[in-house]
$ cat entry20.pdb   # PDB, C-alpha atoms, pLDDT in the B column
ATOM      1  CA  MET A   1     -58.893 -30.940  15.930  1.00 88.00           C
ATOM      2  CA  ILE A   2     -55.309 -30.007  15.069  1.00 93.00           C
ATOM      3  CA  ILE A   3     -52.875 -30.899  17.826  1.00 93.00           C
ATOM      4  CA  GLY A   4     -49.217 -29.891  17.899  1.00 95.00           C
ATOM      5  CA  LEU A   5     -46.854 -32.386  19.529  1.00 94.00           C
ATOM      6  CA  GLY A   6     -43.285 -31.916  20.655  1.00 93.00           C
ATOM      7  CA  ALA A   7     -40.694 -33.541  22.891  1.00 92.00           C
ATOM      8  CA  ASP A   8     -37.185 -33.219  24.156  1.00 89.00           C
ATOM      9  CA  PRO A   9     -34.937 -36.322  24.239  1.00 85.00           C
ATOM     10  CA  PHE A  10     -36.623 -37.555  27.453  1.00 82.00           C
ATOM     11  CA  GLY A  11     -40.114 -37.566  25.980  1.00 84.00           C
ATOM     12  CA  VAL A  12     -39.696 -38.958  22.470  1.00 85.00           C
ATOM     13  CA  ASP A  13     -41.215 -42.388  23.111  1.00 82.00           C
ATOM     14  CA  LEU A  14     -44.285 -41.053  24.890  1.00 83.00           C
ATOM     15  CA  LYS A  15     -44.792 -38.367  22.224  1.00 87.00           C
ATOM     16  CA  GLU A  16     -44.797 -41.025  19.501  1.00 87.00           C
ATOM     17  CA  ALA A  17     -47.276 -43.212  21.406  1.00 85.00           C
ATOM     18  CA  VAL A  18     -49.542 -40.214  22.047  1.00 86.00           C
ATOM     19  CA  LYS A  19     -49.372 -39.250  18.372  1.00 88.00           C
ATOM     20  CA  ARG A  20     -50.490 -42.725  17.289  1.00 87.00           C
ATOM     21  CA  HIS A  21     -53.325 -42.669  19.824  1.00 85.00           C
ATOM     22  CA  LEU A  22     -54.588 -39.226  18.798  1.00 87.00           C
ATOM     23  CA  GLU A  23     -54.420 -39.988  15.071  1.00 89.00           C
ATOM     24  CA  ALA A  24     -56.367 -43.202  15.654  1.00 85.00           C
ATOM     25  CA  ALA A  25     -58.997 -41.079  17.421  1.00 84.00           C
ATOM     26  CA  GLY A  26     -59.315 -38.893  14.305  1.00 88.00           C
ATOM     27  CA  HIS A  27     -57.220 -35.884  15.306  1.00 90.00           C
ATOM     28  CA  GLU A  28     -54.727 -34.257  12.956  1.00 94.00           C
ATOM     29  CA  CYS A  29     -51.300 -34.198  14.604  1.00 94.00           C
ATOM     30  CA  VAL A  30     -48.427 -31.918  13.684  1.00 95.00           C
ATOM     31  CA  ASP A  31     -45.147 -33.314  14.970  1.00 93.00           C
ATOM     32  CA  LEU A  32     -42.701 -30.548  15.827  1.00 91.00           C
ATOM     33  CA  GLY A  33     -39.849 -32.942  16.153  1.00 77.00           C
ATOM     34  CA  GLY A  34     -37.902 -34.532  18.837  1.00 69.00           C
ATOM     35  CA  SER A  35     -36.755 -37.985  17.851  1.00 67.00           C
ATOM     36  CA  SER A  36     -33.853 -40.275  18.543  1.00 66.00           C
ATOM     37  CA  GLU A  37     -32.159 -38.777  15.475  1.00 74.00           C
ATOM     38  CA  GLU A  38     -33.157 -35.145  16.115  1.00 76.00           C
ATOM     39  CA  GLN A  39     -32.664 -34.195  19.730  1.00 79.00           C
ATOM     40  CA  ARG A  40     -34.030 -30.725  20.438  1.00 85.00           C
ATOM     41  CA  ALA A  41     -33.842 -28.657  23.604  1.00 89.00           C
ATOM     42  CA  TYR A  42     -37.104 -28.454  25.527  1.00 91.00           C
ATOM     43  CA  TYR A  43     -37.250 -24.660  25.297  1.00 94.00           C
ATOM     44  CA  ASP A  44     -36.934 -24.646  21.492  1.00 94.00           C
ATOM     45  CA  VAL A  45     -39.768 -27.150  21.111  1.00 94.00           C
ATOM     46  CA  ALA A  46     -41.995 -25.337  23.621  1.00 96.00           C
ATOM     47  CA  HIS A  47     -41.458 -21.934  21.984  1.00 97.00           C
ATOM     48  CA  GLU A  48     -42.241 -23.315  18.528  1.00 96.00           C
ATOM     49  CA  LEU A  49     -45.444 -25.033  19.629  1.00 97.00           C
ATOM     50  CA  ALA A  50     -46.599 -22.004  21.635  1.00 97.00           C
ATOM     51  CA  GLU A  51     -46.019 -19.635  18.708  1.00 97.00           C
ATOM     52  CA  MET A  52     -48.053 -21.847  16.378  1.00 96.00           C
ATOM     53  CA  LEU A  53     -50.834 -22.321  18.942  1.00 96.00           C
ATOM     54  CA  GLY A  54     -50.956 -18.586  19.629  1.00 94.00           C
ATOM     55  CA  SER A  55     -51.262 -17.885  15.900  1.00 96.00           C
ATOM     56  CA  GLY A  56     -54.253 -20.215  15.618  1.00 95.00           C
ATOM     57  CA  ALA A  57     -52.463 -22.888  13.584  1.00 96.00           C
ATOM     58  CA  TYR A  58     -53.190 -25.529  16.267  1.00 94.00           C
ATOM     59  CA  ASP A  59     -56.180 -26.097  18.506  1.00 93.00           C
ATOM     60  CA  ARG A  60     -54.240 -27.810  21.290  1.00 93.00           C
ATOM     61  CA  GLY A  61     -50.726 -28.880  22.141  1.00 93.00           C
ATOM     62  CA  VAL A  62     -48.925 -31.697  23.911  1.00 92.00           C
ATOM     63  CA  LEU A  63     -45.355 -31.289  25.145  1.00 93.00           C
ATOM     64  CA  VAL A  64     -43.338 -34.079  26.758  1.00 90.00           C
ATOM     65  CA  CYS A  65     -40.008 -33.571  28.489  1.00 88.00           C
ATOM     66  CA  GLY A  66     -38.021 -34.745  31.490  1.00 84.00           C
ATOM     67  CA  THR A  67     -40.321 -33.068  34.038  1.00 87.00           C
ATOM     68  CA  GLY A  68     -43.035 -31.259  32.044  1.00 89.00           C
ATOM     69  CA  ILE A  69     -42.301 -28.159  34.103  1.00 93.00           C
ATOM     70  CA  GLY A  70     -39.766 -26.438  31.847  1.00 94.00           C
ATOM     71  CA  MET A  71     -41.956 -26.820  28.787  1.00 95.00           C
ATOM     72  CA  ALA A  72     -44.965 -25.419  30.661  1.00 97.00           C
ATOM     73  CA  ILE A  73     -42.976 -22.402  31.865  1.00 97.00           C
ATOM     74  CA  VAL A  74     -41.698 -21.614  28.375  1.00 97.00           C
ATOM     75  CA  ALA A  75     -45.056 -22.189  26.647  1.00 97.00           C
ATOM     76  CA  ASN A  76     -46.893 -19.997  29.155  1.00 98.00           C
ATOM     77  CA  LYS A  77     -44.771 -17.000  28.157  1.00 97.00           C
ATOM     78  CA  HIS A  78     -46.780 -16.786  24.924  1.00 97.00           C
ATOM     79  CA  ALA A  79     -50.077 -14.921  24.640  1.00 96.00           C
ATOM     80  CA  GLY A  80     -53.111 -17.172  24.443  1.00 95.00           C
ATOM     81  CA  VAL A  81     -51.247 -20.258  25.620  1.00 96.00           C
ATOM     82  CA  TYR A  82     -52.279 -21.969  28.841  1.00 96.00           C
ATOM     83  CA  ALA A  83     -49.997 -24.928  29.543  1.00 95.00           C
ATOM     84  CA  ALA A  84     -50.536 -27.227  32.512  1.00 93.00           C
ATOM     85  CA  VAL A  85     -48.405 -30.041  33.895  1.00 91.00           C
ATOM     86  CA  CYS A  86     -50.826 -32.913  34.468  1.00 86.00           C
ATOM     87  CA  GLU A  87     -50.054 -35.997  36.537  1.00 77.00           C
ATOM     88  CA  ASP A  88     -53.454 -37.670  36.452  1.00 76.00           C
ATOM     89  CA  ALA A  89     -56.684 -37.691  34.489  1.00 76.00           C
ATOM     90  CA  ALA A  90     -58.591 -35.558  37.015  1.00 78.00           C
ATOM     91  CA  THR A  91     -55.948 -32.820  36.879  1.00 82.00           C
ATOM     92  CA  ALA A  92     -55.948 -32.872  33.084  1.00 84.00           C
ATOM     93  CA  ALA A  93     -59.733 -32.633  32.925  1.00 83.00           C
ATOM     94  CA  ARG A  94     -59.846 -29.763  35.423  1.00 84.00           C
ATOM     95  CA  ALA A  95     -56.998 -27.899  33.746  1.00 87.00           C
ATOM     96  CA  ARG A  96     -59.022 -27.962  30.545  1.00 87.00           C
ATOM     97  CA  SER A  97     -62.482 -27.264  31.953  1.00 86.00           C
ATOM     98  CA  ILE A  98     -61.622 -24.750  34.692  1.00 89.00           C
ATOM     99  CA  ASN A  99     -58.374 -23.137  33.536  1.00 90.00           C
ATOM    100  CA  ASN A 100     -58.963 -23.386  29.777  1.00 90.00           C
ATOM    101  CA  ALA A 101     -55.606 -25.161  29.364  1.00 92.00           C
ATOM    102  CA  ASN A 102     -54.817 -25.695  25.709  1.00 93.00           C
ATOM    103  CA  VAL A 103     -51.408 -27.342  26.186  1.00 94.00           C
ATOM    104  CA  LEU A 104     -50.803 -30.435  28.259  1.00 91.00           C
ATOM    105  CA  THR A 105     -47.241 -31.013  29.422  1.00 91.00           C
ATOM    106  CA  ARG A 106     -46.148 -34.364  30.695  1.00 86.00           C
ATOM    107  CA  HIS A 107     -43.001 -36.123  31.754  1.00 79.00           C
ATOM    108  CA  LEU A 108     -41.673 -39.584  31.248  1.00 68.00           C
ATOM    109  CA  ALA A 109     -39.575 -40.073  34.339  1.00 56.00           C
ATOM    110  CA  GLU A 110     -38.345 -43.484  33.318  1.00 44.00           C
ATOM    111  CA  GLN A 111     -36.464 -44.015  30.072  1.00 42.00           C
ATOM    112  CA  ARG A 112     -38.401 -46.903  28.536  1.00 47.00           C
ATOM    113  CA  ARG A 113     -38.496 -47.759  24.887  1.00 45.00           C
ATOM    114  CA  VAL A 114     -41.836 -48.061  23.124  1.00 45.00           C
ATOM    115  CA  ALA A 115     -40.796 -49.981  20.065  1.00 44.00           C
ATOM    116  CA  GLY A 116     -44.244 -51.359  19.263  1.00 46.00           C
ATOM    117  CA  GLN A 117     -43.358 -54.711  20.803  1.00 45.00           C
ATOM    118  CA  GLY A 118     -45.507 -56.139  23.566  1.00 46.00           C
ATOM    119  CA  ALA A 119     -47.489 -54.166  26.092  1.00 48.00           C
ATOM    120  CA  LEU A 120     -46.889 -50.462  26.510  1.00 51.00           C
ATOM    121  CA  PRO A 121     -45.295 -49.407  29.811  1.00 57.00           C
ATOM    122  CA  LEU A 122     -47.773 -48.190  32.407  1.00 52.00           C
ATOM    123  CA  ARG A 123     -46.391 -44.627  32.248  1.00 57.00           C
ATOM    124  CA  VAL A 124     -47.106 -44.493  28.510  1.00 59.00           C
ATOM    125  CA  LEU A 125     -50.628 -45.810  28.957  1.00 55.00           C
ATOM    126  CA  SER A 126     -51.344 -43.243  31.674  1.00 58.00           C
ATOM    127  CA  GLY A 127     -50.011 -40.538  29.386  1.00 63.00           C
ATOM    128  CA  LEU A 128     -52.444 -41.565  26.674  1.00 60.00           C
ATOM    129  CA  VAL A 129     -55.344 -41.355  29.120  1.00 58.00           C
ATOM    130  CA  LEU A 130     -54.240 -37.906  30.272  1.00 62.00           C
ATOM    131  CA  VAL A 131     -53.999 -36.590  26.745  1.00 64.00           C
ATOM    132  CA  SER A 132     -57.436 -37.959  25.874  1.00 63.00           C
ATOM    133  CA  ALA A 133     -58.935 -36.194  28.868  1.00 63.00           C
ATOM    134  CA  ALA A 134     -57.217 -32.920  28.036  1.00 66.00           C
ATOM    135  CA  VAL A 135     -58.138 -32.685  24.358  1.00 63.00           C
ATOM    136  CA  SER A 136     -61.765 -33.732  24.548  1.00 64.00           C
TER     137      SER A 136
END
$ encode --input "entry20.pdb" --output "structure tokens"
Amino acid sequence: MIIGLGADPFGVDLKEAVKRHLEAAGHECVDLGGSSEEQRAYYDVAHELAEMLGSGAYDRGVLVCGTGIGMAIVANKHAGVYAAVCEDAATAARARSINNANVLTRHLAEQRRVAGQGALPLRVLSGLVLVSAAVS
């Protein structure tokens, strides 16, 4: 499965952790940017991912920003894109199975660094679980 990933400055760390997790699970990930060096506005990232998903270039998408809401609103303006803000695994699973969501949006409310040292913060781990539920 080809999964597009994008983040604004608030979601960079979670996006990177999700990317590693999905690649380890055998998915091809296309990173649309958003890094500590390249800070992109949430609406630019969401539009780019939604255009590519709508064209059939990606099977699914994951967008991470300050709230998840802005990215979902922007992505949902594109034909064939069904973005859902998911706070827990049950919501993610239902968004996919009932609403045919093909983009999961998520927030990282707390600015925590995921530098590959020690245990991942709980919010990052929960994000990985949510993404797994949404893309399966």
$ residues_around --input "entry20.pdb" --residues "segment 73-77 of chain A" --least-positions-apart "5" --cutoff "7 Å" --atoms "only C-alpha atoms" --output "list in words"
Tyr43, Ala46, His47, Ala50, Tyr82 and Ala83 of chain A
$ atom_distance --input "entry20.pdb" --atom1 "atom CA of Glu48 of chain A" --atom2 "atom CA of Leu63 of chain A"
10.8 Å
$ closest_residue --input "entry20.pdb" --among "A:Ala57, A:Val81, A:Ile2, A:Leu104" --to "Gly26 of chain A" --atoms "all atoms listed in the file"
A:Ile2
$ resolve_selection --input "entry20.pdb" --expression "the PyMOL selection byres ((chain A and resi 85) around 10)" --output "ChimeraX atom specification"
/A:63-64,67-73,83-84,86-88,91-92,95,101,103-107
$ write_last_selection --input "entry20.pdb" --atoms "C-alpha atoms" --output "mmCIF file, in the frame of the given file"
data_model
loop_
_atom_site.group_PDB
_atom_site.id
_atom_site.type_symbol
_atom_site.label_atom_id
_atom_site.label_comp_id
_atom_site.auth_asym_id
_atom_site.auth_seq_id
_atom_site.Cartn_x
_atom_site.Cartn_y
_atom_site.Cartn_z
ATOM 1 C CA LEU A 63 -45.355 -31.289 25.145
ATOM 2 C CA VAL A 64 -43.338 -34.079 26.758
ATOM 3 C CA THR A 67 -40.321 -33.068 34.038
ATOM 4 C CA GLY A 68 -43.035 -31.259 32.044
ATOM 5 C CA ILE A 69 -42.301 -28.159 34.103
ATOM 6 C CA GLY A 70 -39.766 -26.438 31.847
ATOM 7 C CA MET A 71 -41.956 -26.820 28.787
ATOM 8 C CA ALA A 72 -44.965 -25.419 30.661
ATOM 9 C CA ILE A 73 -42.976 -22.402 31.865
ATOM 10 C CA ALA A 83 -49.997 -24.928 29.543
ATOM 11 C CA ALA A 84 -50.536 -27.227 32.512
ATOM 12 C CA CYS A 86 -50.826 -32.913 34.468
ATOM 13 C CA GLU A 87 -50.054 -35.997 36.537
ATOM 14 C CA ASP A 88 -53.454 -37.670 36.452
ATOM 15 C CA THR A 91 -55.948 -32.820 36.879
ATOM 16 C CA ALA A 92 -55.948 -32.872 33.084
ATOM 17 C CA ALA A 95 -56.998 -27.899 33.746
ATOM 18 C CA ALA A 101 -55.606 -25.161 29.364
ATOM 19 C CA VAL A 103 -51.408 -27.342 26.186
ATOM 20 C CA LEU A 104 -50.803 -30.435 28.259
ATOM 21 C CA THR A 105 -47.241 -31.013 29.422
ATOM 22 C CA ARG A 106 -46.148 -34.364 30.695
ATOM 23 C CA HIS A 107 -43.001 -36.123 31.754
#
$ closest_residue --input "entry20.pdb" --among "A:Ala89, A:Val45, A:Gly54, A:Val62" --to "Lys19 of chain A" --atoms "all atoms listed in the file"
A:Val62
$ closest_residue --input "entry20.pdb" --among "A:Asp8, A:Asp13, A:Asp31, A:Glu23" --to "Gly61 of chain A" --atoms "only C-alpha atoms"
A:Asp31
$ resolve_selection --input "entry20.pdb" --expression "the PyMOL selection byres ((chain A and resi 56) around 12)" --output "NGL selection string"
:A and (1-4 or 49-55 or 57-61 or 79-81 or 102)
$ atom_distance --input "entry20.pdb" --atom1 "atom CA of Glu38 of chain A" --atom2 "atom CA of Ala7 of chain A"
10.3 Å
$ atom_distance --input "entry20.pdb" --atom1 "atom CA of Gly11 of chain A" --atom2 "atom CA of Gly66 of chain A"
6.5 Å
